[in-house]
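Coordinates as given in input_18.txt (compact mmCIF, C-alpha atoms and all ligand atoms):
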```
# COMPACT_ATOMS: atom_id res chain seq x y z
CA MET A 17 -4.17 -7.05 17.09
CA ASN A 18 -6.88 -8.99 15.28
CA TYR A 19 -6.18 -7.65 11.82
CA ARG A 20 -4.98 -10.17 9.22
CA HIS A 21 -4.26 -8.72 5.82
CA HIS A 22 -4.72 -12.10 4.18
CA TYR A 23 -8.53 -11.57 4.34
CA HIS A 24 -8.20 -8.47 2.18
CA ALA A 25 -5.27 -9.31 -0.10
CA GLY A 26 -5.89 -8.16 -3.66
CA ASN A 27 -9.15 -6.33 -2.87
CA TYR A 28 -9.99 -2.95 -4.46
CA ALA A 29 -8.18 -1.07 -1.69
CA ASP A 30 -5.00 -3.08 -2.29
CA VAL A 31 -5.24 -2.49 -6.04
CA PHE A 32 -5.66 1.27 -5.53
CA LYS A 33 -2.82 1.46 -2.99
CA HIS A 34 -0.40 -0.70 -4.94
CA VAL A 35 -1.00 1.02 -8.29
CA LEU A 36 -0.20 4.36 -6.64
CA LEU A 37 2.76 2.89 -4.75
CA LEU A 38 4.17 1.66 -8.03
CA GLN A 39 3.71 5.11 -9.56
CA LEU A 40 5.50 6.67 -6.59
CA ILE A 41 8.43 4.26 -6.80
CA ARG A 42 8.77 4.86 -10.53
CA ALA A 43 8.74 8.62 -9.84
CA MET A 44 11.47 8.27 -7.16
CA GLN A 45 13.52 6.32 -9.68
CA ARG A 46 13.53 9.14 -12.20
CA LYS A 47 16.57 10.31 -10.24
CA GLU A 48 19.69 8.16 -10.45
CA LYS A 49 20.45 8.51 -6.74
CA GLY A 50 19.22 5.60 -4.63
CA PHE A 51 16.57 5.90 -1.91
CA LEU A 52 15.19 4.03 1.07
CA CYS A 53 11.68 2.65 0.70
CA LEU A 54 10.33 2.30 4.26
CA ASP A 55 7.14 0.26 4.69
CA THR A 56 6.07 0.85 8.31
CA HIS A 57 3.15 -1.64 8.32
CA ALA A 58 4.40 -4.27 5.91
CA GLY A 59 2.05 -7.21 6.44
CA ARG A 60 3.16 -10.67 5.39
CA GLY A 61 4.76 -9.73 2.09
CA GLY A 62 2.79 -11.90 -0.30
CA TYR A 63 -0.44 -13.89 -0.22
CA ASP A 64 -1.63 -17.23 -1.58
CA LEU A 65 -5.13 -16.45 -2.84
CA SER A 66 -6.08 -20.11 -2.98
CA VAL A 67 -5.87 -20.40 0.83
CA PRO A 68 -9.37 -19.72 2.23
CA SER A 69 -9.77 -16.88 4.72
CA VAL A 70 -10.90 -18.27 8.05
CA LEU A 71 -12.09 -15.94 10.81
CA PRO A 72 -10.94 -16.41 14.44
CA ASP A 73 -14.36 -18.01 15.18
CA GLY A 74 -13.63 -20.71 12.56
CA LYS A 75 -16.10 -19.41 9.95
CA SER A 76 -14.75 -18.89 6.47
CA ARG A 77 -15.31 -15.62 4.65
CA ALA A 78 -15.69 -14.84 0.98
CA PRO A 79 -12.45 -13.79 -0.69
CA GLU A 80 -12.24 -10.10 -1.59
CA HIS A 81 -9.79 -10.38 -4.48
CA PRO A 82 -12.36 -11.28 -7.18
CA ALA A 83 -13.80 -7.74 -6.83
CA GLY A 84 -10.29 -6.27 -6.83
CA ILE A 85 -7.36 -7.64 -8.83
CA GLY A 86 -9.81 -10.21 -10.29
CA ARG A 87 -11.55 -7.42 -12.22
CA LEU A 88 -8.30 -6.29 -13.86
CA TRP A 89 -6.67 -9.65 -14.47
CA GLY A 90 -6.61 -10.33 -18.22
CA ALA A 91 -8.07 -6.90 -19.02
CA THR A 92 -6.93 -5.12 -22.17
CA GLY A 93 -6.90 -1.49 -23.24
CA LEU A 94 -5.67 -0.26 -19.86
CA PRO A 95 -3.47 2.83 -19.33
CA PRO A 96 0.31 2.18 -19.13
CA ALA A 97 0.46 2.49 -15.31
CA LEU A 98 -2.12 -0.29 -14.88
CA ASN A 99 -0.34 -2.50 -17.41
CA ASP A 100 2.87 -1.87 -15.45
CA TYR A 101 1.10 -2.97 -12.23
CA LEU A 102 -0.45 -6.05 -13.85
CA ALA A 103 2.91 -7.08 -15.28
CA LEU A 104 4.32 -6.95 -11.75
CA VAL A 105 1.50 -9.10 -10.34
CA ARG A 106 2.07 -11.54 -13.23
CA ARG A 107 5.77 -11.68 -12.37
CA PHE A 108 4.81 -12.54 -8.81
CA ASN A 109 2.65 -15.37 -10.11
CA ASP A 110 5.46 -16.71 -12.23
CA ARG A 111 7.15 -19.57 -10.44
CA ASN A 112 10.52 -18.22 -11.50
CA GLY A 113 9.60 -14.73 -10.38
CA ALA A 114 9.21 -14.00 -6.76
CA PRO A 115 8.43 -15.66 -3.43
CA SER A 116 9.54 -19.03 -2.20
CA PHE A 117 5.96 -20.21 -1.63
CA ALA A 118 5.06 -19.35 -5.24
CA LYS A 119 8.17 -21.12 -6.53
CA ALA A 120 7.10 -24.30 -4.79
CA SER A 121 3.66 -24.21 -6.42
CA GLU A 122 2.44 -25.88 -9.57
CA GLY A 123 1.45 -22.55 -11.13
CA THR A 124 1.86 -21.57 -14.76
CA ALA A 125 4.21 -18.83 -15.88
CA GLY A 126 2.23 -15.92 -14.51
CA GLU A 127 -0.97 -16.59 -16.46
CA GLU A 128 -3.08 -17.83 -13.56
CA LEU A 129 -3.91 -15.48 -10.68
CA LYS A 130 -2.92 -17.50 -7.65
CA PHE A 131 -0.72 -15.21 -5.59
CA TYR A 132 -0.90 -11.55 -4.73
CA PRO A 133 2.10 -9.36 -3.85
CA GLY A 134 1.76 -7.12 -0.80
CA SER A 135 3.54 -3.78 -0.65
CA PRO A 136 6.90 -5.39 0.33
CA TRP A 137 6.97 -7.48 -2.84
CA ILE A 138 5.73 -4.65 -5.04
CA ALA A 139 8.67 -2.57 -3.79
CA LYS A 140 11.16 -5.44 -3.86
CA LEU A 141 10.39 -6.29 -7.49
CA LEU A 142 11.08 -2.67 -8.45
CA LEU A 143 14.28 -2.04 -6.44
CA ARG A 144 17.35 -0.93 -8.40
CA PRO A 145 20.81 -1.89 -7.15
CA GLN A 146 21.15 1.54 -5.49
CA ASP A 147 17.77 1.38 -3.67
CA ARG A 148 16.97 -0.24 -0.31
CA LEU A 149 13.83 -1.53 1.35
CA ALA A 150 13.11 -1.53 5.10
CA LEU A 151 10.07 -3.40 6.42
CA CYS A 152 8.46 -3.08 9.86
CA GLU A 153 5.70 -5.45 11.01
CA LEU A 154 4.44 -5.81 14.57
CA ARG A 155 2.72 -9.22 14.32
CA PRO A 156 5.43 -11.75 15.23
CA ASP A 157 4.17 -14.46 12.82
CA ASP A 158 3.97 -12.05 9.87
CA ALA A 159 7.34 -10.51 10.74
CA GLU A 160 8.80 -14.03 10.80
CA ALA A 161 7.29 -14.81 7.38
CA LEU A 162 8.77 -11.60 6.00
CA ASP A 163 12.13 -12.38 7.50
CA PHE A 164 12.09 -15.83 5.92
CA GLU A 165 11.07 -14.41 2.54
CA PHE A 166 13.72 -11.70 2.42
CA ALA A 167 16.53 -13.23 4.51
CA ARG A 168 18.84 -13.59 1.52
CA GLU A 169 18.19 -10.10 0.13
CA SER A 170 21.06 -7.82 1.09
CA ARG A 171 19.11 -4.65 0.24
CA VAL A 172 16.07 -5.58 2.34
CA THR A 173 15.86 -5.38 6.14
CA VAL A 174 12.99 -6.71 8.23
CA GLN A 175 12.21 -5.57 11.77
CA GLY A 176 9.48 -6.93 14.02
CA ILE A 177 8.83 -3.52 15.57
CA ASP A 178 6.16 -0.84 15.77
CA GLY A 179 6.22 1.02 12.48
CA TYR A 180 6.05 4.41 14.20
CA ILE A 181 9.22 3.53 16.13
CA GLY A 182 10.68 2.38 12.82
CA LEU A 183 10.16 5.87 11.44
CA LYS A 184 12.35 7.31 14.18
CA ALA A 185 14.94 4.54 14.01
CA LEU A 186 15.38 4.43 10.23
CA LEU A 187 15.13 8.07 9.20
CA PRO A 188 17.13 9.86 7.95
CA PRO A 189 18.78 7.17 5.80
CA PRO A 190 22.34 7.62 4.52
CA GLU A 191 20.91 8.15 1.02
CA LYS A 192 19.04 11.24 2.32
CA ARG A 193 16.09 10.21 0.09
CA ALA A 194 13.13 8.17 1.27
CA LEU A 195 9.70 6.99 0.24
CA VAL A 196 7.67 6.04 3.31
CA LEU A 197 4.47 3.99 3.12
CA ILE A 198 2.25 4.10 6.22
CA ASP A 199 -0.52 1.53 5.86
CA PRO A 200 -1.96 0.72 9.31
CA PRO A 201 -4.99 -1.48 10.05
CA PHE A 202 -7.08 1.35 11.62
CA GLU A 203 -8.20 -0.94 14.43
CA THR A 204 -8.21 1.86 16.99
CA LYS A 205 -9.65 5.35 16.98
CA LYS A 206 -6.26 6.86 17.71
CA GLU A 207 -4.68 5.67 14.46
CA PHE A 208 -5.09 9.04 12.71
CA ALA A 209 -3.44 10.77 15.70
CA ASP A 210 -0.59 8.22 15.66
CA ILE A 211 -0.07 8.81 11.95
CA ALA A 212 0.00 12.60 12.36
CA ARG A 213 2.61 12.21 15.11
CA GLY A 214 4.59 9.73 13.00
CA LEU A 215 4.59 12.11 10.05
CA ARG A 216 5.84 14.94 12.25
CA ASP A 217 8.66 12.68 13.47
CA ALA A 218 9.50 11.63 9.91
CA LEU A 219 9.60 15.14 8.49
CA LYS A 220 11.66 16.41 11.43
CA ARG A 221 14.29 13.83 10.52
CA LEU A 222 14.03 14.12 6.74
CA PRO A 223 12.01 17.17 5.63
CA GLY A 224 11.99 16.08 1.99
CA ALA A 225 10.74 12.52 2.65
CA VAL A 226 7.92 11.47 0.35
CA CYS A 227 5.32 9.97 2.70
CA ALA A 228 2.24 8.07 1.51
CA VAL A 229 -0.53 7.25 3.98
CA TRP A 230 -3.38 4.91 3.14
CA TYR A 231 -6.72 5.53 4.89
CA PRO A 232 -10.21 4.03 4.74
CA ILE A 233 -13.33 6.09 4.01
CA THR A 234 -15.97 4.91 6.48
CA GLU A 235 -18.47 6.63 8.73
CA ARG A 236 -16.22 6.04 11.73
CA ALA A 237 -12.94 7.04 10.15
CA ARG A 238 -13.70 10.41 8.60
CA PRO A 239 -10.55 11.75 7.03
CA GLU A 240 -11.49 15.45 7.13
CA ASP A 241 -10.11 16.13 10.63
CA PHE A 242 -6.97 14.24 9.76
CA HIS A 243 -6.55 16.32 6.61
CA HIS A 244 -6.72 19.44 8.79
CA ALA A 245 -4.05 18.10 11.16
CA LEU A 246 -1.73 17.56 8.23
CA LEU A 247 -1.97 21.15 7.08
CA GLU A 248 -0.04 22.06 10.24
CA LEU A 249 2.97 20.21 8.85
CA ALA A 250 3.40 22.97 6.24
CA THR A 251 4.37 20.47 3.56
CA PRO A 252 2.68 20.05 0.17
CA VAL A 253 0.03 17.33 0.52
CA LEU A 254 -1.81 15.64 -2.32
CA PHE A 255 -4.70 13.27 -1.72
CA ALA A 256 -6.23 10.69 -4.03
CA GLU A 257 -9.47 8.87 -3.26
CA LEU A 258 -11.42 6.03 -4.81
CA ASN A 259 -15.02 5.45 -3.73
CA ILE A 260 -16.57 2.24 -5.02
CA ALA A 261 -20.05 3.26 -3.90
CA GLY A 262 -22.01 6.45 -3.35
CA GLU A 263 -22.31 8.54 -0.21
CA ASN A 264 -25.52 6.82 0.98
CA SER A 265 -24.31 3.28 0.45
CA GLU A 266 -24.70 0.74 3.26
CA LEU A 267 -21.20 -0.56 2.60
CA ARG A 268 -19.00 -0.26 5.68
CA MET A 269 -15.99 0.91 3.69
CA LYS A 270 -17.18 2.96 0.74
CA GLY A 271 -13.74 3.80 -0.43
CA CYS A 272 -10.19 4.62 0.52
CA GLY A 273 -7.56 7.22 -0.07
CA LEU A 274 -3.86 7.89 -0.16
CA LEU A 275 -2.28 11.05 1.16
CA ILE A 276 1.06 11.96 -0.31
CA LEU A 277 3.32 14.42 1.49
CA ASN A 278 6.06 16.00 -0.65
CA PRO A 279 4.60 14.37 -3.80
CA PRO A 280 7.04 13.87 -6.69
CA TRP A 281 6.69 16.26 -9.59
CA GLN A 282 3.68 15.59 -11.83
CA ILE A 283 2.51 12.56 -9.84
CA ASP A 284 -0.90 14.26 -9.59
CA ARG A 285 -1.27 14.11 -13.39
CA GLU A 286 -0.19 10.47 -13.43
CA ILE A 287 -2.64 9.51 -10.68
CA ARG A 288 -5.49 11.39 -12.37
CA ALA A 289 -4.88 9.31 -15.50
CA VAL A 290 -5.58 6.01 -13.70
CA LEU A 291 -8.30 6.89 -11.18
CA PRO A 292 -11.28 6.93 -13.60
CA VAL A 293 -10.24 3.55 -14.97
CA LEU A 294 -9.99 2.12 -11.45
CA ARG A 295 -13.41 3.58 -10.64
CA ASP A 296 -15.01 2.02 -13.74
CA ARG A 297 -13.40 -1.38 -13.20
CA LEU A 298 -13.81 -1.60 -9.42
CA ARG A 299 -17.16 0.10 -8.71
CA ILE A 300 -19.67 -1.89 -6.67
CA GLU A 301 -22.67 0.43 -6.52
CA PRO A 302 -23.93 3.54 -8.29
CA GLY A 303 -22.29 6.76 -7.17
CA ALA A 304 -18.69 5.49 -7.38
CA CYS A 305 -16.35 8.43 -7.77
CA THR A 306 -12.73 9.55 -7.46
CA ALA A 307 -10.85 12.63 -6.36
CA CYS A 308 -7.28 13.84 -6.58
CA ASP A 309 -6.39 17.27 -5.27
CA TRP A 310 -4.07 19.34 -3.11
CA LEU A 311 -4.91 19.87 0.54
CA VAL A 312 -5.40 23.55 1.13
CA PRO A 313 -6.56 25.38 4.26
CA ASP A 314 -10.26 26.36 4.40
CA LYS A 315 -10.79 29.93 3.34
C1 LIG A 401 -3.06 -3.09 6.07
S1 LIG A 401 -1.90 -4.25 6.63
C2 LIG A 401 -0.48 -3.93 5.66
C3 LIG A 401 -0.58 -4.31 4.24
C4 LIG A 401 0.66 -4.05 3.44
N1 LIG A 401 1.18 -2.71 3.63
C5 LIG A 401 0.37 -4.26 1.97
O1 LIG A 401 -0.01 -3.30 1.28
O2 LIG A 401 0.53 -5.38 1.51
C6 LIG A 401 -1.42 -3.61 8.18
C7 LIG A 401 -0.34 -4.42 8.88
O3 LIG A 401 0.16 -3.64 9.96
C8 LIG A 401 0.47 -4.53 11.03
N2 LIG A 401 0.54 -3.66 12.24
C9 LIG A 401 -0.45 -3.28 13.08
N3 LIG A 401 0.00 -2.35 13.95
C10 LIG A 401 1.31 -2.14 13.65
C11 LIG A 401 2.32 -1.28 14.15
N4 LIG A 401 2.08 -0.43 15.17
N5 LIG A 401 3.55 -1.32 13.60
C12 LIG A 401 3.82 -2.17 12.56
N6 LIG A 401 2.90 -3.01 12.04
C13 LIG A 401 1.66 -2.99 12.56
C14 LIG A 401 -0.63 -5.54 11.00
O4 LIG A 401 -0.22 -6.74 11.63
C15 LIG A 401 -0.84 -5.72 9.48
O5 LIG A 401 -0.03 -6.76 8.99
```

Re-express the file's structure as structure tokens.
Ligand SMILES: C[S@@+](CC[C@H](N)C(=O)[O-])C[C@H]1O[C@@H](n2cnc3c(N)ncnc32)[C@H](O)[C@@H]1O
Amino acid sequence: MNYRHHYHAGNYADVFKHVLLLQLIRAMQRKEKGFLCLDTHAGRGGYDLSVPSVLPDGKSRAPEHPAGIGRLWGATGLPPALNDYLALVRRFNDRNGAPSFAKASEGTAGEELKFYPGSPWIAKLLLRPQDRLALCELRPDDAEALDFEFARESRVTVQGIDGYIGLKALLPPPEKRALVLIDPPFETKKEFADIARGLRDALKRLPGAVCAVWYPITERARPEDFHHALLELATPVLFAELNIAGENSELRMKGCGLLILNPPWQIDREIRAVLPVLRDRLRIEPGACTACDWLVPDK
């Protein structure tokens, strides 16, 4: 496993994923009953953007967050869902807000963009007393960092295990309600097949689970076949995509998407309200576009 999320923290793909994750959590919380938020590929939890990204060969690489969260930071006139997201990132940057490493810093009260919350912290900052968070992370050092960060949180559990095993071990939860985020690194060609299997396992255990799967849009990882495999699950599936460049761009990753199985009511309308704004703020090249639609079998 070579993947380190620190290189990508706060990039356009993180912004897209975390804005939609926040919308999903808010939608789950429209019901009073608590739920389990299961993050199968949790990463490190939070990221210090001032630490340079250094590749295994010792070379440093340009940070990706300026073209992501950096383009929204301080922006005005945004739709409510993006203001909600920015307020959360500001809370994470507030020394009194979130992680121990941020607390120890000399930062201001959330005005300076120094830290970026990964999906575990996005979820943690939104948890109600009746909700729980379960985090799986296979990299021992990242799992250890997560464990340290959340050790004192009674409603958060951290497991250094394969996220797909986590799906089987943790579902169904006693609450009988779950939001599952599957956000793998796509380092191997079999990732889409693993996800399809994982989703089958998850829905067998909890047919009503809301499952969100992030995926990249690259030449190598074409989502169309994966979309077809999901139709076999006979569950409503919504997909949302953000492309920051056009079809013929030389960029390796032109965009990314999120598939949502069993999407909460009206989440499609809520996602459609933010996608054009994300496209306009985050585009890199001409041809940037978005999509949000239901997966339906080919006629
Ligand atoms: C894209 S990152 C996760 C980012 C995180 N969800 C966020 O939004 O902040 C993918 C993570 O999955 C971890 N990973 C890779 N294979 C895994 C597996 N089979 N089970 C659990 N974690 C895995 C990697 O170490 C990496 O930290």

Could you report the residues within 8 Å of ligand LIG 401 (chain A), using all atoms listed in the file, as a PDB file with C-alpha atoms, in the coordinates of the input?
```
ATOM      1  CA  MET A  17      -4.170  -7.050  17.090  1.00  0.00           C
ATOM      2  CA  ASN A  18      -6.880  -8.990  15.280  1.00  0.00           C
ATOM      3  CA  TYR A  19      -6.180  -7.650  11.820  1.00  0.00           C
ATOM      4  CA  ARG A  20      -4.980 -10.170   9.220  1.00  0.00           C
ATOM      5  CA  HIS A  21      -4.260  -8.720   5.820  1.00  0.00           C
ATOM      6  CA  ALA A  25      -5.270  -9.310  -0.100  1.00  0.00           C
ATOM      7  CA  ASP A  30      -5.000  -3.080  -2.290  1.00  0.00           C
ATOM      8  CA  LYS A  33      -2.820   1.460  -2.990  1.00  0.00           C
ATOM      9  CA  HIS A  34      -0.400  -0.700  -4.940  1.00  0.00           C
ATOM     10  CA  ASP A  55       7.140   0.260   4.690  1.00  0.00           C
ATOM     11  CA  THR A  56       6.070   0.850   8.310  1.00  0.00           C
ATOM     12  CA  HIS A  57       3.150  -1.640   8.320  1.00  0.00           C
ATOM     13  CA  ALA A  58       4.400  -4.270   5.910  1.00  0.00           C
ATOM     14  CA  GLY A  59       2.050  -7.210   6.440  1.00  0.00           C
ATOM     15  CA  ARG A  60       3.160 -10.670   5.390  1.00  0.00           C
ATOM     16  CA  GLY A  61       4.760  -9.730   2.090  1.00  0.00           C
ATOM     17  CA  GLY A  62       2.790 -11.900  -0.300  1.00  0.00           C
ATOM     18  CA  PRO A 133       2.100  -9.360  -3.850  1.00  0.00           C
ATOM     19  CA  GLY A 134       1.760  -7.120  -0.800  1.00  0.00           C
ATOM     20  CA  SER A 135       3.540  -3.780  -0.650  1.00  0.00           C
ATOM     21  CA  PRO A 136       6.900  -5.390   0.330  1.00  0.00           C
ATOM     22  CA  CYS A 152       8.460  -3.080   9.860  1.00  0.00           C
ATOM     23  CA  GLU A 153       5.700  -5.450  11.010  1.00  0.00           C
ATOM     24  CA  LEU A 154       4.440  -5.810  14.570  1.00  0.00           C
ATOM     25  CA  ARG A 155       2.720  -9.220  14.320  1.00  0.00           C
ATOM     26  CA  ASP A 158       3.970 -12.050   9.870  1.00  0.00           C
ATOM     27  CA  GLY A 176       9.480  -6.930  14.020  1.00  0.00           C
ATOM     28  CA  ILE A 177       8.830  -3.520  15.570  1.00  0.00           C
ATOM     29  CA  ASP A 178       6.160  -0.840  15.770  1.00  0.00           C
ATOM     30  CA  GLY A 179       6.220   1.020  12.480  1.00  0.00           C
ATOM     31  CA  TYR A 180       6.050   4.410  14.200  1.00  0.00           C
ATOM     32  CA  ILE A 181       9.220   3.530  16.130  1.00  0.00           C
ATOM     33  CA  LEU A 197       4.470   3.990   3.120  1.00  0.00           C
ATOM     34  CA  ILE A 198       2.250   4.100   6.220  1.00  0.00           C
ATOM     35  CA  ASP A 199      -0.520   1.530   5.860  1.00  0.00           C
ATOM     36  CA  PRO A 200      -1.960   0.720   9.310  1.00  0.00           C
ATOM     37  CA  PRO A 201      -4.990  -1.480  10.050  1.00  0.00           C
TER      38      PRO A 201
END
```

For Ser66 (chain A), please output as a VMD selection string all residues within 12 Å (counting all atoms listed in the file; exclusion window: fewer than 5 positions along the same chain).
chain A and resid 22 to 23 25 to 26 78 to 82 118 121 123 128 to 132

Counting only C-alpha atoms, the residue among A:Pro223, A:Val70, A:Leu36, A:Ile260 that lies closest to Asp284 (chain A) is A:Leu36

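As for CA of Ser69 (chain A) and CA of Gly86 (chain A), they are spaced 16.4 Å apart.
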
Produce a table with one row for each residue of region 90-172 of chain A that has an atom at most 12 Å from any atom of region 187-190 of chain A, each row naming the nearest atom pair and its distance in Å at one decimal; use all atoms listed in the file; arrange rows by chain and rising residue number; format as CSV.
```
residue,atom,partner,partner_atom,distance
A:Gln146,CA,A:Pro190,CA,11.8
A:Asp147,CA,A:Pro189,CA,11.1
A:Arg148,CA,A:Pro189,CA,9.8
A:Leu149,CA,A:Pro189,CA,11.0
A:Ala150,CA,A:Pro189,CA,10.4
```

Quick one: everything within 12 Å of Ala218 (chain A), counting all atoms listed in the file, minus sequence neighbours fewer than 2 positions away in the same chain. Send it as a count of residues only.
37

Using CA of Met269 (chain A) and CA of Pro292 (chain A) as the two end points, give the distance in Å to one decimal.
18.9 Å

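With all atoms listed in the file as the atoms that count, the minimum distance from Asn264 (chain A) to the choices A:Leu247, A:Ala97, A:Ala304, A:Ile138 is reached by A:Ala304.
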
As a check of understanding: the span from CA of Thr251 (chain A) to CA of Gln282 (chain A) is 16.2 Å

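Shortest separation to Ile41 (chain A) among A:Asp163, A:His243, A:Glu266, A:Pro280 occurs at residue A:Pro280, atoms counted being only C-alpha atoms.
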
Considering all atoms listed in the file, return as a PDB file with C-alpha atoms, in the frame of the given file whatever protein or nucleic-acid residues lie within 9 Å of Tyr231 (chain A), sequence-local ones (same chain, fewer than 6 positions apart) excluded.
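Output saved as selection37.pdb:
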```
ATOM      1  CA  ASP A 199      -0.520   1.530   5.860  1.00  0.00           C
ATOM      2  CA  PRO A 200      -1.960   0.720   9.310  1.00  0.00           C
ATOM      3  CA  PRO A 201      -4.990  -1.480  10.050  1.00  0.00           C
ATOM      4  CA  PHE A 202      -7.080   1.350  11.620  1.00  0.00           C
ATOM      5  CA  PHE A 208      -5.090   9.040  12.710  1.00  0.00           C
ATOM      6  CA  ALA A 237     -12.940   7.040  10.150  1.00  0.00           C
ATOM      7  CA  PRO A 239     -10.550  11.750   7.030  1.00  0.00           C
ATOM      8  CA  GLY A 271     -13.740   3.800  -0.430  1.00  0.00           C
ATOM      9  CA  CYS A 272     -10.190   4.620   0.520  1.00  0.00           C
ATOM     10  CA  GLY A 273      -7.560   7.220  -0.070  1.00  0.00           C
ATOM     11  CA  LEU A 274      -3.860   7.890  -0.160  1.00  0.00           C
ATOM     12  CA  LEU A 275      -2.280  11.050   1.160  1.00  0.00           C
TER      13      LEU A 275
END
```

Which residues, written as a compact mmCIF listing (two decimals) with C-alpha atoms, keeping the file's coordinate frame, have at least one atom at most 7 Å from Ile85 (chain A), with all atoms listed in the file counted and residues fewer than 5 positions away on the same chain left out?
```txt
# COMPACT_ATOMS: atom_id res chain seq x y z
CA GLY A 26 -5.89 -8.16 -3.66
CA ASN A 27 -9.15 -6.33 -2.87
CA TYR A 28 -9.99 -2.95 -4.46
CA VAL A 31 -5.24 -2.49 -6.04
```

Any idea what's packed within 9 Å of Gly303 (chain A), counting only C-alpha atoms, ignoring anything in its chain fewer than 5 positions away? Could you give it as a list in words?
Asn259, Ile260, Ala261, Gly262, Glu263, Asn264 and Ser265 of chain A

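Proximity to Phe51 (chain A) was assessed for A:Pro145, A:Pro302, A:Gly90, A:Pro96 counting all atoms listed in the file; the smallest distance is recorded for A:Pro145.
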
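If only C-alpha atoms are the atoms counted, then among A:Arg106, A:Ala43, A:Pro156, A:Leu88 the closest residue to Asp296 (chain A) is A:Leu88.
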
Region 301-312 of chain A rebuilt with N, CA and C atoms, output as an mmCIF file, keeping the file's coordinate frame:
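File written: result22.cif
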```cif
data_model
loop_
_atom_site.group_PDB
_atom_site.id
_atom_site.type_symbol
_atom_site.label_atom_id
_atom_site.label_comp_id
_atom_site.auth_asym_id
_atom_site.auth_seq_id
_atom_site.Cartn_x
_atom_site.Cartn_y
_atom_site.Cartn_z
ATOM 1 N N GLU A 301 -21.296 -0.121 -6.530
ATOM 2 C CA GLU A 301 -22.670 0.430 -6.520
ATOM 3 C C GLU A 301 -22.679 1.757 -7.266
ATOM 4 N N PRO A 302 -23.872 2.230 -7.644
ATOM 5 C CA PRO A 302 -23.930 3.540 -8.290
ATOM 6 C C PRO A 302 -23.347 4.624 -7.369
ATOM 7 N N GLY A 303 -22.827 5.658 -7.977
ATOM 8 C CA GLY A 303 -22.290 6.760 -7.170
ATOM 9 C C GLY A 303 -20.795 6.659 -6.953
ATOM 10 N N ALA A 304 -20.158 5.617 -7.528
ATOM 11 C CA ALA A 304 -18.690 5.490 -7.380
ATOM 12 C C ALA A 304 -18.028 6.737 -7.948
ATOM 13 N N CYS A 305 -16.989 7.201 -7.288
ATOM 14 C CA CYS A 305 -16.350 8.430 -7.770
ATOM 15 C C CYS A 305 -14.886 8.465 -7.300
ATOM 16 N N THR A 306 -14.139 9.410 -7.844
ATOM 17 C CA THR A 306 -12.730 9.550 -7.460
ATOM 18 C C THR A 306 -12.429 11.021 -7.213
ATOM 19 N N ALA A 307 -11.308 11.260 -6.563
ATOM 20 C CA ALA A 307 -10.850 12.630 -6.360
ATOM 21 C C ALA A 307 -9.333 12.624 -6.295
ATOM 22 N N CYS A 308 -8.730 13.691 -6.745
ATOM 23 C CA CYS A 308 -7.280 13.840 -6.580
ATOM 24 C C CYS A 308 -7.019 15.341 -6.544
ATOM 25 N N ASP A 309 -6.550 15.820 -5.399
ATOM 26 C CA ASP A 309 -6.390 17.270 -5.270
ATOM 27 C C ASP A 309 -5.356 17.595 -4.193
ATOM 28 N N TRP A 310 -5.015 18.874 -4.127
ATOM 29 C CA TRP A 310 -4.070 19.340 -3.110
ATOM 30 C C TRP A 310 -4.843 19.726 -1.870
ATOM 31 N N LEU A 311 -4.284 19.430 -0.706
ATOM 32 C CA LEU A 311 -4.910 19.870 0.540
ATOM 33 C C LEU A 311 -4.589 21.345 0.718
ATOM 34 N N VAL A 312 -5.625 22.123 0.892
ATOM 35 C CA VAL A 312 -5.400 23.550 1.130
ATOM 36 C C VAL A 312 -6.241 23.976 2.342
#
```
